[in-house]
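What follows is the content of upload_22.txt, which has compact mmCIF, C-alpha atoms:
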# COMPACT_ATOMS: atom_id res chain seq x y z
CA MET U 199 0.00 0.00 0.00
CA PHE U 200 1.23 3.50 -0.73
CA PHE U 201 -0.22 6.97 -0.80
CA ARG U 202 0.08 9.88 -3.15
CA TRP U 203 -1.06 13.41 -2.47
CA LYS U 204 -3.58 15.07 -4.80
CA ARG U 205 -5.67 18.22 -4.86
CA SER U 206 -9.11 17.68 -3.40
CA LYS U 207 -10.62 20.04 -5.99
CA PRO U 208 -9.45 21.44 -9.32
CA ASN U 209 -7.29 24.56 -8.93
CA GLN U 210 -7.17 24.13 -5.16
CA PRO U 211 -4.09 25.66 -3.40
CA ASP U 212 -1.16 23.29 -2.88
CA ASP U 213 -1.37 23.48 0.92
CA ASP U 214 -4.87 21.96 0.96
CA VAL U 215 -4.47 18.36 -0.12
CA THR U 216 -6.04 15.03 0.63
CA LYS U 217 -4.66 11.51 0.73
CA GLU U 218 -5.73 8.99 -1.83
CA ASP U 219 -5.27 5.28 -1.20
CA THR U 220 -3.88 3.95 -4.47
CA SER U 221 -3.39 0.37 -3.35
CA GLN U 222 -4.75 -2.25 -5.67
CA ALA U 223 -7.98 -3.91 -4.60
CA GLY U 224 -7.09 -6.69 -2.20
CA GLU U 225 -3.33 -5.88 -2.25
CA GLY U 226 -2.11 -6.06 1.35
CA ALA U 227 -5.67 -5.67 2.62
CA LEU U 228 -6.82 -7.39 5.81
CA ASP U 229 -9.35 -10.14 5.49
CA ALA U 230 -12.55 -9.91 7.49
CA SER U 231 -11.31 -11.97 10.44
CA GLN U 232 -8.07 -9.98 10.75
CA SER U 233 -9.93 -6.69 10.52
CA SER U 234 -12.40 -7.80 13.15
CA GLU U 235 -9.63 -8.88 15.53
CA ALA U 236 -7.74 -5.58 15.15
CA LEU U 237 -10.95 -3.61 15.64
CA GLN U 238 -11.80 -5.54 18.79
CA THR U 239 -8.28 -4.97 20.17
CA LEU U 240 -8.44 -1.24 19.53
CA GLN U 241 -11.89 -0.96 21.11
CA ARG U 242 -11.02 -3.09 24.13
CA LEU U 243 -7.81 -1.22 24.94
CA GLN U 244 -9.33 2.24 24.88
CA ASN U 245 -9.77 1.83 28.63
CA PRO U 246 -6.46 2.74 30.34
CA GLN U 247 -7.07 0.18 33.09
CA GLN U 248 -7.05 -2.56 30.48
CA ARG U 249 -4.36 -1.06 28.29
CA TYR U 250 -1.63 -0.55 30.91
CA ARG U 251 -0.63 -3.60 32.95
CA MET U 252 1.46 -2.85 36.04
CA VAL U 253 4.85 -4.61 35.97
CA TYR U 254 6.75 -3.13 38.92
CA PRO U 255 6.77 0.08 40.99
CA LEU U 256 9.26 2.82 40.08
CA GLY U 257 8.78 5.25 42.94
CA GLU U 258 6.33 7.18 45.04
CA GLY U 259 5.91 10.43 46.90
CA GLY U 260 3.31 12.15 49.02
CA PHE U 261 1.44 13.30 45.93
CA ALA U 262 1.67 10.52 43.33
CA VAL U 263 3.06 7.08 42.52
CA VAL U 264 4.97 6.01 39.41
CA ASP U 265 4.80 2.47 38.05
CA ALA U 266 6.41 0.68 35.14
CA CYS U 267 3.57 -0.68 33.04
CA PHE U 268 3.33 -2.74 29.87
CA ASP U 269 1.36 -1.05 27.10
CA GLU U 270 -0.82 -3.92 25.78
CA LEU U 271 -1.70 -1.97 22.63
CA LEU U 272 1.75 -0.83 21.48
CA ASN U 273 3.75 -3.61 23.21
CA ARG U 274 6.18 -1.35 25.05
CA LEU U 275 7.18 -0.51 28.60
CA VAL U 276 6.00 2.89 29.82
CA ALA U 277 6.03 4.81 33.09
CA VAL U 278 2.61 5.72 34.47
CA LYS U 279 2.36 8.51 37.03
CA SER U 280 -0.89 8.41 39.00
CA VAL U 281 -2.23 10.70 41.69
CA ARG U 282 -2.71 9.05 45.09
CA SER U 283 -6.27 8.08 45.96
CA GLU U 284 -6.60 10.72 48.70
CA ASN U 285 -5.92 13.47 46.15
CA ARG U 286 -8.42 12.32 43.56
CA LEU U 287 -11.25 14.56 42.36
CA SER U 288 -9.53 17.64 43.80
CA SER U 289 -9.78 20.48 41.28
CA ASP U 290 -6.41 21.90 42.41
CA VAL U 291 -4.73 18.50 42.03
CA LEU U 292 -6.24 17.97 38.59
CA GLN U 293 -4.99 21.39 37.50
CA LEU U 294 -1.48 20.72 38.84
CA VAL U 295 -1.22 17.38 37.04
CA LEU U 296 -2.58 18.86 33.82
CA ASN U 297 -0.12 21.76 34.09
CA GLU U 298 2.80 19.39 34.61
CA ALA U 299 1.76 17.23 31.65
CA ARG U 300 1.38 20.26 29.40
CA LEU U 301 4.69 21.83 30.39
CA ILE U 302 6.55 18.54 29.86
CA SER U 303 4.92 18.21 26.44
CA TYR U 304 5.90 21.80 25.63
CA LEU U 305 9.59 21.04 26.31
CA ASN U 306 10.94 19.03 23.42
CA HIS U 307 14.48 18.28 24.62
CA PRO U 308 16.57 15.09 25.08
CA GLY U 309 16.94 15.89 28.78
CA VAL U 310 13.15 15.95 29.32
CA VAL U 311 11.35 12.60 29.29
CA SER U 312 8.77 12.32 26.49
CA LEU U 313 5.15 12.34 27.66
CA TYR U 314 2.72 10.18 25.70
CA ASP U 315 -0.77 10.84 27.06
CA VAL U 316 -2.84 12.03 30.02
CA PHE U 317 -6.20 10.57 31.00
CA LEU U 318 -8.91 10.64 33.67
CA GLU U 319 -10.13 7.28 34.90
CA SER U 320 -13.64 6.44 36.05
CA ASP U 321 -12.68 6.60 39.74
CA GLY U 322 -11.41 10.18 39.40
CA SER U 323 -7.74 9.26 39.23
CA VAL U 324 -5.74 11.36 36.81
CA SER U 325 -2.63 9.78 35.29
CA TYR U 326 -0.19 10.28 32.48
CA THR U 327 2.13 7.97 30.59
CA MET U 328 5.70 8.72 29.59
CA ASN U 329 8.87 7.09 28.41
CA ALA U 330 10.25 4.58 30.92
CA ILE U 331 13.94 5.35 31.52
CA GLU U 332 16.36 2.48 31.98
CA GLY U 333 19.08 3.63 34.33
CA ASP U 334 19.76 4.92 37.84
CA THR U 335 18.83 7.96 39.82
CA LEU U 336 21.71 10.31 40.54
CA VAL U 337 21.50 9.22 44.19
CA GLU U 338 22.07 5.58 43.21
CA ARG U 339 24.92 6.41 40.84
CA VAL U 340 26.75 8.58 43.37
CA GLU U 341 26.35 5.98 46.10
CA LEU U 342 27.83 3.33 43.79
CA LEU U 343 30.80 5.54 42.87
CA MET U 344 31.38 6.38 46.52
CA GLN U 345 31.50 2.66 47.36
CA GLN U 346 33.81 1.85 44.47
CA GLN U 347 36.15 4.86 44.45
CA GLY U 348 35.49 6.81 47.64
CA SER U 349 34.31 9.86 45.68
CA ILE U 350 32.75 10.79 42.36
CA PRO U 351 35.39 11.75 39.75
CA VAL U 352 35.48 15.48 39.05
CA THR U 353 35.08 14.95 35.30
CA VAL U 354 32.01 12.74 35.80
CA ALA U 355 30.32 15.32 38.04
CA GLN U 356 31.20 18.08 35.60
CA GLN U 357 29.69 16.28 32.61
CA ILE U 358 26.47 15.51 34.50
CA VAL U 359 26.11 19.16 35.46
CA ILE U 360 26.81 20.29 31.88
CA ARG U 361 24.00 18.04 30.56
CA LEU U 362 21.69 19.26 33.31
CA CYS U 363 22.51 22.90 32.57
CA GLU U 364 21.76 22.35 28.88
CA THR U 365 18.30 20.99 29.69
CA LEU U 366 17.46 23.78 32.13
CA ALA U 367 18.83 26.50 29.85
CA TYR U 368 16.49 25.18 27.14
CA ALA U 369 13.52 25.24 29.55
CA HIS U 370 14.38 28.75 30.74
CA ASP U 371 14.57 29.98 27.15
CA ARG U 372 10.94 28.86 26.85
CA GLY U 373 9.86 30.61 30.02
CA VAL U 374 9.75 27.53 32.29
CA LEU U 375 11.40 27.11 35.71
CA HIS U 376 11.79 23.66 37.27
CA LEU U 377 12.17 24.76 40.93
CA ASP U 378 12.80 21.29 42.36
CA VAL U 379 16.23 20.25 41.09
CA LYS U 380 17.62 17.56 43.41
CA PRO U 381 19.43 14.21 43.09
CA ALA U 382 16.24 12.14 43.34
CA ASN U 383 14.79 14.00 40.34
CA ILE U 384 17.69 13.22 38.02
CA MET U 385 17.93 9.96 36.07
CA LEU U 386 21.08 8.76 34.35
CA GLY U 387 20.56 6.55 31.30
CA GLN U 388 22.72 3.63 30.25
CA TYR U 389 24.35 5.59 27.42
CA GLY U 390 25.28 8.83 29.13
CA GLU U 391 21.84 10.44 29.05
CA VAL U 392 20.89 12.83 31.86
CA PHE U 393 17.15 13.33 32.40
CA LEU U 394 15.53 15.96 34.63
CA MET U 395 12.37 14.44 36.09
CA ASP U 396 9.32 15.57 38.12
CA TRP U 397 8.17 18.94 36.79
CA GLY U 398 5.34 19.14 39.34
CA ALA U 399 6.76 22.31 40.94
CA ALA U 400 7.47 23.95 37.58
CA CYS U 401 5.89 27.23 36.57
CA LEU U 402 6.05 29.87 33.87
CA TYR U 403 8.21 32.84 34.82
CA ASP U 404 7.65 34.30 31.35
CA SER U 405 4.15 33.25 30.27
CA SER U 406 4.34 35.28 27.05
CA LEU U 407 6.51 32.58 25.45
CA TYR U 408 4.00 29.81 26.13
CA LYS U 409 1.14 32.07 25.11
CA ARG U 410 2.89 32.71 21.80
CA HIS U 411 3.16 28.94 21.35
CA LEU U 412 -0.58 28.50 21.93
CA ASP U 413 -1.50 31.50 19.77
CA SER U 414 0.39 29.98 16.85
CA PHE U 415 -2.15 27.15 16.93
CA GLY U 416 -5.15 29.40 17.50
CA LYS U 417 -5.69 28.46 21.14
CA GLY U 418 -6.21 31.06 23.83
CA GLU U 419 -5.76 30.16 27.48
CA ASP U 420 -5.46 31.80 30.91
CA MET U 421 -1.75 31.72 31.71
CA SER U 422 -2.27 32.36 35.43
CA VAL U 423 -3.05 28.68 36.06
CA TYR U 424 0.62 27.91 35.38
CA GLU U 425 1.90 30.42 37.91
CA GLY U 426 0.92 28.67 41.15
CA ARG U 427 -2.26 30.53 42.10
CA ASP U 428 -2.39 29.13 45.62
CA GLY U 429 0.97 30.73 46.50
CA LYS U 430 2.23 27.47 47.97
CA LYS U 431 5.99 27.24 48.32
CA MET U 432 7.27 24.28 46.36
CA GLY U 433 10.77 22.86 46.33
CA THR U 434 13.09 20.82 48.53
CA LEU U 435 15.44 22.15 51.18
CA PRO U 436 18.37 22.50 51.10
CA PHE U 437 18.42 22.54 47.27
CA MET U 438 15.90 25.34 46.78
CA ALA U 439 17.13 28.90 46.38
CA PRO U 440 16.68 31.20 49.40
CA GLU U 441 14.35 33.49 47.43
CA GLN U 442 11.92 30.58 46.96
CA LEU U 443 11.04 30.89 50.66
CA LEU U 444 9.73 34.43 50.22
CA GLN U 445 8.69 35.05 46.64
CA PRO U 446 5.73 33.57 44.75
CA ARG U 447 6.77 31.10 42.10
CA HIS U 448 5.89 33.29 39.12
CA ALA U 449 8.16 36.05 40.50
CA LEU U 450 11.25 33.83 40.50
CA THR U 451 13.90 33.84 37.78
CA PRO U 452 16.31 31.28 36.27
CA ALA U 453 18.74 32.20 39.06
CA ALA U 454 16.65 30.01 41.39
CA ASP U 455 17.43 26.90 39.33
CA VAL U 456 21.07 28.03 39.09
CA PHE U 457 21.31 27.90 42.89
CA ALA U 458 19.84 24.39 43.00
CA VAL U 459 22.26 23.09 40.37
CA GLY U 460 25.13 24.65 42.33
CA VAL U 461 24.09 22.83 45.51
CA LEU U 462 23.73 19.60 43.54
CA PHE U 463 27.21 20.10 42.03
CA TYR U 464 28.68 20.72 45.49
CA TRP U 465 26.95 17.63 46.86
CA MET U 466 28.41 15.43 44.12
CA LEU U 467 31.95 16.75 44.53
CA ALA U 468 32.03 17.04 48.32
CA GLY U 469 29.95 14.01 49.21
CA GLU U 470 27.95 16.22 51.58
CA LEU U 471 25.51 19.13 51.42
CA PRO U 472 26.70 22.72 51.84
CA TYR U 473 23.74 23.50 54.11
CA PRO U 474 22.65 20.19 55.71
CA THR U 475 19.41 21.40 57.27
CA THR U 476 15.70 21.02 56.60
CA SER U 477 14.74 23.96 58.82
CA PRO U 478 13.82 26.99 56.63
CA GLY U 479 15.14 29.39 59.27
CA ASP U 480 18.48 27.65 59.74
CA PHE U 481 18.88 27.23 55.99
CA TRP U 482 18.18 30.91 55.38
CA ILE U 483 20.79 32.05 57.88
CA ALA U 484 23.45 29.59 56.66
CA ALA U 485 22.88 30.50 53.01
CA GLN U 486 22.92 34.22 53.75
CA LYS U 487 26.26 33.91 55.54
CA GLY U 488 27.68 31.40 53.05
CA GLN U 489 28.49 29.05 55.90
CA TYR U 490 29.78 25.98 54.10
CA MET U 491 33.12 24.23 53.79
CA PRO U 492 34.97 25.32 50.60
CA LEU U 493 35.30 22.53 48.07
CA GLU U 494 39.08 22.88 47.87
CA ALA U 495 39.26 22.29 51.62
CA ILE U 496 37.36 19.00 51.26
CA ARG U 497 39.08 17.54 48.20
CA GLY U 498 42.58 18.17 46.96
CA ASP U 499 41.81 17.26 43.32
CA ILE U 500 39.25 19.97 42.57
CA PRO U 501 40.51 22.69 40.20
CA ALA U 502 40.42 26.16 41.76
CA ARG U 503 38.35 27.55 38.89
CA LEU U 504 35.75 24.79 39.23
CA ALA U 505 35.38 25.54 42.95
CA GLU U 506 34.88 29.23 42.08
CA ILE U 507 32.13 28.43 39.57
CA CYS U 508 30.28 26.24 42.06
CA ALA U 509 30.57 28.92 44.77
CA LYS U 510 29.18 31.60 42.44
CA MET U 511 26.22 29.38 41.58
CA MET U 512 25.38 29.17 45.30
CA GLU U 513 25.62 32.90 46.05
CA TYR U 514 22.84 34.06 48.34
CA ASP U 515 22.73 37.47 46.63
CA THR U 516 21.16 36.99 43.19
CA SER U 517 23.12 39.97 41.85
CA LYS U 518 26.34 38.04 42.55
CA ARG U 519 25.02 34.68 41.37
CA TYR U 520 25.03 33.59 37.72
CA SER U 521 21.82 35.02 36.28
CA ASN U 522 21.33 32.14 33.85
CA LEU U 523 22.72 28.74 33.00
CA HIS U 524 24.08 29.78 29.62
CA LYS U 525 26.79 31.66 31.53
CA VAL U 526 27.51 28.60 33.67
CA LEU U 527 27.76 26.44 30.55
CA ARG U 528 30.28 28.79 28.95
CA GLU U 529 32.39 28.72 32.10
CA LEU U 530 32.29 24.91 32.39
CA GLN U 531 33.00 24.36 28.70
CA ASP U 532 35.93 26.80 28.85
CA LEU U 533 37.17 24.91 31.89
CA SER U 534 37.27 21.65 29.93
CA GLU U 535 39.22 23.19 27.04
CA PHE U 536 42.74 23.65 28.37
CA GLY U 537 44.77 26.30 26.55
CA ARG U 538 41.89 28.02 24.75
CA SER U 539 42.61 31.35 26.49
CA PHE U 540 46.08 31.64 24.92
CA GLU U 541 46.37 34.39 22.31
CA LEU U 542 47.19 33.46 18.70
CA GLN U 543 49.55 35.59 16.62
CA THR U 544 50.89 35.44 13.04
CA PHE U 545 54.35 36.57 11.93
CA ALA U 546 55.53 37.24 8.37
CA PRO U 547 58.89 35.89 7.07
CA GLY U 548 61.77 37.86 8.58
CA GLU U 549 59.68 39.26 11.43
CA VAL U 550 61.24 38.99 14.91
CA LEU U 551 59.23 37.16 17.56
CA LEU U 552 61.73 37.47 20.44
CA LYS U 553 64.85 39.66 20.63
CA GLU U 554 68.10 38.83 22.40
CA GLY U 555 68.75 40.99 25.46
CA GLU U 556 65.08 41.90 26.05
CA VAL U 557 63.19 40.95 29.21
CA GLY U 558 59.75 39.36 28.91
CA ASP U 559 57.47 36.98 30.83
CA TYR U 560 56.01 35.16 27.84
CA ALA U 561 56.95 32.46 25.32
CA PHE U 562 55.61 31.20 21.99
CA GLN U 563 54.46 27.79 20.82
CA VAL U 564 54.76 27.28 17.07
CA LEU U 565 51.45 26.11 15.59
CA ALA U 566 52.35 26.41 11.91
CA GLY U 567 55.40 27.54 9.95
CA CYS U 568 59.07 27.70 11.04
CA VAL U 569 61.28 29.97 13.16
CA GLU U 570 65.04 30.35 13.48
CA VAL U 571 66.84 30.78 16.82
CA THR U 572 70.03 32.88 16.58
CA THR U 573 72.58 34.62 18.80
CA VAL U 574 75.37 37.12 18.20
CA VAL U 575 78.94 36.03 19.05
CA ASP U 576 81.86 38.41 18.38
CA GLY U 577 79.73 40.40 16.02
CA GLU U 578 78.62 37.38 13.99
CA THR U 579 75.12 35.89 13.93
CA LEU U 580 75.07 32.19 14.67
CA VAL U 581 72.06 29.94 14.00
CA LEU U 582 71.43 27.85 17.09
CA ALA U 583 68.36 25.94 15.93
CA THR U 584 65.19 25.94 13.87
CA ARG U 585 61.82 25.24 15.45
CA THR U 586 58.66 24.02 13.73
CA LYS U 587 55.11 22.99 14.68
CA GLY U 588 54.74 21.98 18.34
CA ASN U 589 58.01 23.50 19.59
CA VAL U 590 58.15 26.22 22.27
CA VAL U 591 60.62 29.11 22.18
CA GLY U 592 61.48 31.61 24.91
CA GLU U 593 60.05 29.43 27.69
CA MET U 594 62.67 30.35 30.28
CA ALA U 595 61.34 33.92 30.33
CA VAL U 596 58.04 32.65 31.75
CA PHE U 597 59.76 31.70 35.00
CA THR U 598 62.71 34.10 35.18
CA LYS U 599 63.23 37.86 34.83
CA GLU U 600 66.56 37.56 33.04
CA PRO U 601 67.23 38.99 29.54
CA ARG U 602 66.64 36.63 26.64
CA ASN U 603 69.78 34.90 25.40
CA ALA U 604 68.69 34.45 21.77
CA THR U 605 66.66 36.03 18.98
CA VAL U 606 63.78 34.16 17.32
CA THR U 607 62.80 35.09 13.77
CA ALA U 608 60.09 33.75 11.47
CA VAL U 609 61.57 31.91 8.47
CA GLN U 610 58.18 31.64 6.75
CA GLN U 611 54.61 32.66 7.50
CA THR U 612 54.28 31.43 11.07
CA MET U 613 51.35 31.13 13.48
CA VAL U 614 52.13 30.90 17.20
CA ARG U 615 50.32 30.70 20.52
CA ARG U 616 51.48 33.38 22.96
CA ILE U 617 51.99 31.86 26.40
CA GLY U 618 52.27 34.43 29.20
CA LYS U 619 52.87 33.70 32.85
CA GLY U 620 49.42 35.02 33.72
CA ASP U 621 47.85 32.81 31.06
CA ILE U 622 49.64 29.77 32.44
CA LEU U 623 48.46 30.50 35.98
CA LYS U 624 44.91 30.93 34.68
CA GLU U 625 45.05 27.61 32.83
CA LEU U 626 46.56 25.85 35.83
CA ASP U 627 43.48 26.86 37.82
CA LYS U 628 41.49 24.61 35.48
CA LEU U 629 43.51 21.53 36.35
CA ASP U 630 43.93 19.21 39.29
CA PRO U 631 45.92 21.10 41.99
CA TRP U 632 48.76 18.55 41.86
CA VAL U 633 49.59 19.80 38.34
CA THR U 634 49.91 23.37 39.62
CA TYR U 635 52.12 22.20 42.47
CA THR U 636 54.36 20.23 40.09
CA VAL U 637 54.79 23.16 37.68
CA HIS U 638 55.65 25.56 40.49
CA SER U 639 58.14 23.06 41.94
CA LEU U 640 59.87 22.61 38.58
CA SER U 641 60.08 26.35 38.04
CA GLN U 642 61.74 26.80 41.42
CA ARG U 643 64.29 24.12 40.50
CA VAL U 644 65.04 25.95 37.25
CA LEU U 645 65.59 29.20 39.13
CA LYS U 646 67.90 27.53 41.64
CA SER U 647 69.86 25.83 38.87
CA LYS U 648 70.63 29.25 37.38
CA GLU U 649 71.87 30.73 40.65
CA PRO U 650 75.70 31.08 40.90
CA SER U 651 77.28 28.36 43.03
Could you rewrite the structure in this file as structure tokens?
Amino acid sequence: MFFRWKRSKPNQPDDDVTKEDTSQAGEGALDASQSSEALQTLQRLQNPQQRYRMVYPLGEGGFAVVDACFDELLNRLVAVKSVRSENRLSSDVLQLVLNEARLISYLNHPGVVSLYDVFLESDGSVSYTMNAIEGDTLVERVELLMQQQGSIPVTVAQQIVIRLCETLAYAHDRGVLHLDVKPANIMLGQYGEVFLMDWGAACLYDSSLYKRHLDSFGKGEDMSVYEGRDGKKMGTLPFMAPEQLLQPRHALTPAADVFAVGVLFYWMLAGELPYPTTSPGDFWIAAQKGQYMPLEAIRGDIPARLAEICAKMMEYDTSKRYSNLHKVLRELQDLSEFGRSFELQTFAPGEVLLKEGEVGDYAFQVLAGCVEVTTVVDGETLVLATRTKGNVVGEMAVFTKEPRNATVTAVQQTMVRRIGKGDILKELDKLDPWVTYTVHSLSQRVLKSKEPS
């Protein structure tokens, strides 16, 4: 069977077409018994209670339960989230579940689990089905790594946070805040996927973006239902931002999710919470004063720059905190690209890169082309060496203040990376502290070796 598109009427516009079944009579067609069986299956499985067969529980909370169920119609495993019996038929509960289902459906991103359908059963229970994730919660993964290695590797934590930031940055760009980022709400797939789950506390901080989405399909709707009309504070201490304790949800900004991700990042790296309290008052005071143990004081393998990023994410003052996760992503991606901050320069043939007798605190790495290293002896210029791609020239000046003992000149069009002492110190902040210690120790040995005996 195949289809071709044709105009439904002569001279009808191209965008108004109908489908014509051009299959030959009887070709691939179902016989009466097959058709009857398929029809009966479709009719019978319209009832969700018959369609979804519970296989095993996935989790539960005070509001709803989540089960892994087999979809008898499509022959697949799905996750079914159902409201607890005591919350059934509540108009507020129905609105919250519908809001969550709609916001999840609005967010088309790999880090957000796909939602299939939402339905109301005869007993008043509202449920929705979504993709069943095969993997572990972040809590389970961290516990396993702690048992195996004693701590979670810095690179592993960093990559999880990068994936999480990408998902949240996408949601924020569409006007949606999550407001309940915590380890239990993060699933890690078997192939490196990072999923942000449970959008029950989510709200629109910029409803105009969702309204524009609805308007494009000719649907008008009251946006206030997505803003948390009851004013109830939602979130989980100590991951929620301090401002969540005072401000209504619709008044919050992406900085609230930034704080939560920062706390989560700290928890992964430190193996403990920065503010281990469930008392709103105690949490508020501790967060305001920044009373937590610095990451570098807990672990000796955390790069200084990474500790700074995490600390800025957890700033109590929103004016000092990262305002959005795009900025955090840029910082983390820069952190993982060692050497990107070095300046690139190009020299023409015959142009001098470094001059004998001058003092400077920088060197050059040759990226393309060729340079010649020379010195003057008794009035004559002697060629000491030629350097090509990958070689470094003038490196001693990075660690000493002595005049250069040779001149470096481009033999052909040459591109180099300028390596200054400040640049090196900045790059070292991106690495494990032992690297910084080793470099400093070697530089001191070089200095001592040049001292007169």
task: Name the residues in contact with range 362-376 of chain U at a cut-off of 9 Å, using all atoms listed in the file, excluding same-chain residues fewer than 3 positions from it; report them as a PyMOL selection string.
output: chain U and resi 301+304-305+307-310+357-359+379+384+392-394+396-408+447-448+450-452+454-456+459+522-524+526-527
Output C-alpha atoms for every residue in the selection just made, as a compact mmCIF listing (two decimals), in the frame of the given file.
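New file selection02.txt:
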# COMPACT_ATOMS: atom_id res chain seq x y z
CA LEU U 301 4.69 21.83 30.39
CA TYR U 304 5.90 21.80 25.63
CA LEU U 305 9.59 21.04 26.31
CA HIS U 307 14.48 18.28 24.62
CA PRO U 308 16.57 15.09 25.08
CA GLY U 309 16.94 15.89 28.78
CA VAL U 310 13.15 15.95 29.32
CA GLN U 357 29.69 16.28 32.61
CA ILE U 358 26.47 15.51 34.50
CA VAL U 359 26.11 19.16 35.46
CA VAL U 379 16.23 20.25 41.09
CA ILE U 384 17.69 13.22 38.02
CA VAL U 392 20.89 12.83 31.86
CA PHE U 393 17.15 13.33 32.40
CA LEU U 394 15.53 15.96 34.63
CA ASP U 396 9.32 15.57 38.12
CA TRP U 397 8.17 18.94 36.79
CA GLY U 398 5.34 19.14 39.34
CA ALA U 399 6.76 22.31 40.94
CA ALA U 400 7.47 23.95 37.58
CA CYS U 401 5.89 27.23 36.57
CA LEU U 402 6.05 29.87 33.87
CA TYR U 403 8.21 32.84 34.82
CA ASP U 404 7.65 34.30 31.35
CA SER U 405 4.15 33.25 30.27
CA SER U 406 4.34 35.28 27.05
CA LEU U 407 6.51 32.58 25.45
CA TYR U 408 4.00 29.81 26.13
CA ARG U 447 6.77 31.10 42.10
CA HIS U 448 5.89 33.29 39.12
CA LEU U 450 11.25 33.83 40.50
CA THR U 451 13.90 33.84 37.78
CA PRO U 452 16.31 31.28 36.27
CA ALA U 454 16.65 30.01 41.39
CA ASP U 455 17.43 26.90 39.33
CA VAL U 456 21.07 28.03 39.09
CA VAL U 459 22.26 23.09 40.37
CA ASN U 522 21.33 32.14 33.85
CA LEU U 523 22.72 28.74 33.00
CA HIS U 524 24.08 29.78 29.62
CA VAL U 526 27.51 28.60 33.67
CA LEU U 527 27.76 26.44 30.55
- request: Do a neighbour search on Tyr314 in chain U at 10 Å with only C-alpha atoms, toss out local chain neighbours closer than 3 positions, and write the hits as a PyMOL selection string.
  value: chain U and resi 276-278+299+303+311+326-329
Of the listed residues U:Glu270, U:Thr573, U:Thr434, U:Gly548, that which approaches Arg242 in chain U most closely, counting only C-alpha atoms: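 Distance minimum relative to Arg242 in chain U lands on U:Glu270.
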query: In file coordinates, which residues lie within 6 Å of (56.1, 31.0, 11.7) using only C-alpha atoms, given as a list of chain:residue names?
result: U:Phe545, U:Ala566, U:Gly567, U:Cys568, U:Val569, U:Ala608, U:Gln610, U:Gln611, U:Thr612, U:Met613
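CA of Ser323 in chain U to CA of Thr239 in chain U spans 23.8 Å [interatomic distance, one decimal].
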message: Would you pick out the contacts of Ala495 in chain U at 12 Å or less, using all atoms listed in the file, so that residues sharing its chain but fewer than 4 positions from it are not included, and give the list as a list in words?
response: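 In the requested form, the answer reads Leu467, Ala468, Tyr490, Met491, Asp499, Ile500, Pro501, Ala502, Ala505 and Pro631 of chain U.
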Filtering to C-alpha atoms, could you give me those residues as a JSON list (two decimals), keeping the file's coordinate frame?
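Generated file (result_28.json):
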[["chain", "number", "residue", "atom", "x", "y", "z"],
["U", 467, "LEU", "CA", 31.95, 16.75, 44.53],
["U", 468, "ALA", "CA", 32.03, 17.04, 48.32],
["U", 490, "TYR", "CA", 29.78, 25.98, 54.10],
["U", 491, "MET", "CA", 33.12, 24.23, 53.79],
["U", 499, "ASP", "CA", 41.81, 17.26, 43.32],
["U", 500, "ILE", "CA", 39.25, 19.97, 42.57],
["U", 501, "PRO", "CA", 40.51, 22.69, 40.20],
["U", 502, "ALA", "CA", 40.42, 26.16, 41.76],
["U", 505, "ALA", "CA", 35.38, 25.54, 42.95],
["U", 631, "PRO", "CA", 45.92, 21.10, 41.99]]
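CA of Val337 in chain U sits 27.0 Å away from CA of Ser521 in chain U.
Comparing U:Glu284, U:Asp321, U:Asp269, U:Glu341 by their smallest distance to Glu470 in chain U, the closest is U:Glu341 (using all atoms listed in the file).
The interatomic distance for the pair CA of Ala595 in chain U and CA of Leu552 in chain U works out to 10.5 Å.
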task: Show which residues sit within 12 Å of Arg282 in chain U, as an NGL selection string. Count all atoms listed in the file, and ignore same-chain residues fewer than 4 positions away.
output: :U and (258-264 or 286-288 or 291-292 or 295 or 321-325)
4 Å per side around range 610-613 of chain U: axis-aligned box centre and edge lengths, as AutoDock Vina command-line options:
--center_x 54.8 --center_y 31.9 --center_z 10.1 --size_x 14.8 --size_y 9.5 --size_z 14.7
Anything within 10 Å of (64.4, 33.3, 30.0): list those residues as a PDB file with C-alpha atoms, keeping the file's coordinate frame, counting all atoms listed in the file and sticking to the file's coordinates.
ATOM      1  CA  GLY U 555      68.750  40.990  25.460  1.00  0.00           C
ATOM      2  CA  GLU U 556      65.080  41.900  26.050  1.00  0.00           C
ATOM      3  CA  VAL U 557      63.190  40.950  29.210  1.00  0.00           C
ATOM      4  CA  GLY U 558      59.750  39.360  28.910  1.00  0.00           C
ATOM      5  CA  ASP U 559      57.470  36.980  30.830  1.00  0.00           C
ATOM      6  CA  TYR U 560      56.010  35.160  27.840  1.00  0.00           C
ATOM      7  CA  ALA U 561      56.950  32.460  25.320  1.00  0.00           C
ATOM      8  CA  VAL U 591      60.620  29.110  22.180  1.00  0.00           C
ATOM      9  CA  GLY U 592      61.480  31.610  24.910  1.00  0.00           C
ATOM     10  CA  GLU U 593      60.050  29.430  27.690  1.00  0.00           C
ATOM     11  CA  MET U 594      62.670  30.350  30.280  1.00  0.00           C
ATOM     12  CA  ALA U 595      61.340  33.920  30.330  1.00  0.00           C
ATOM     13  CA  VAL U 596      58.040  32.650  31.750  1.00  0.00           C
ATOM     14  CA  PHE U 597      59.760  31.700  35.000  1.00  0.00           C
ATOM     15  CA  THR U 598      62.710  34.100  35.180  1.00  0.00           C
ATOM     16  CA  LYS U 599      63.230  37.860  34.830  1.00  0.00           C
ATOM     17  CA  GLU U 600      66.560  37.560  33.040  1.00  0.00           C
ATOM     18  CA  PRO U 601      67.230  38.990  29.540  1.00  0.00           C
ATOM     19  CA  ARG U 602      66.640  36.630  26.640  1.00  0.00           C
ATOM     20  CA  ASN U 603      69.780  34.900  25.400  1.00  0.00           C
ATOM     21  CA  ALA U 604      68.690  34.450  21.770  1.00  0.00           C
TER      22      ALA U 604
END
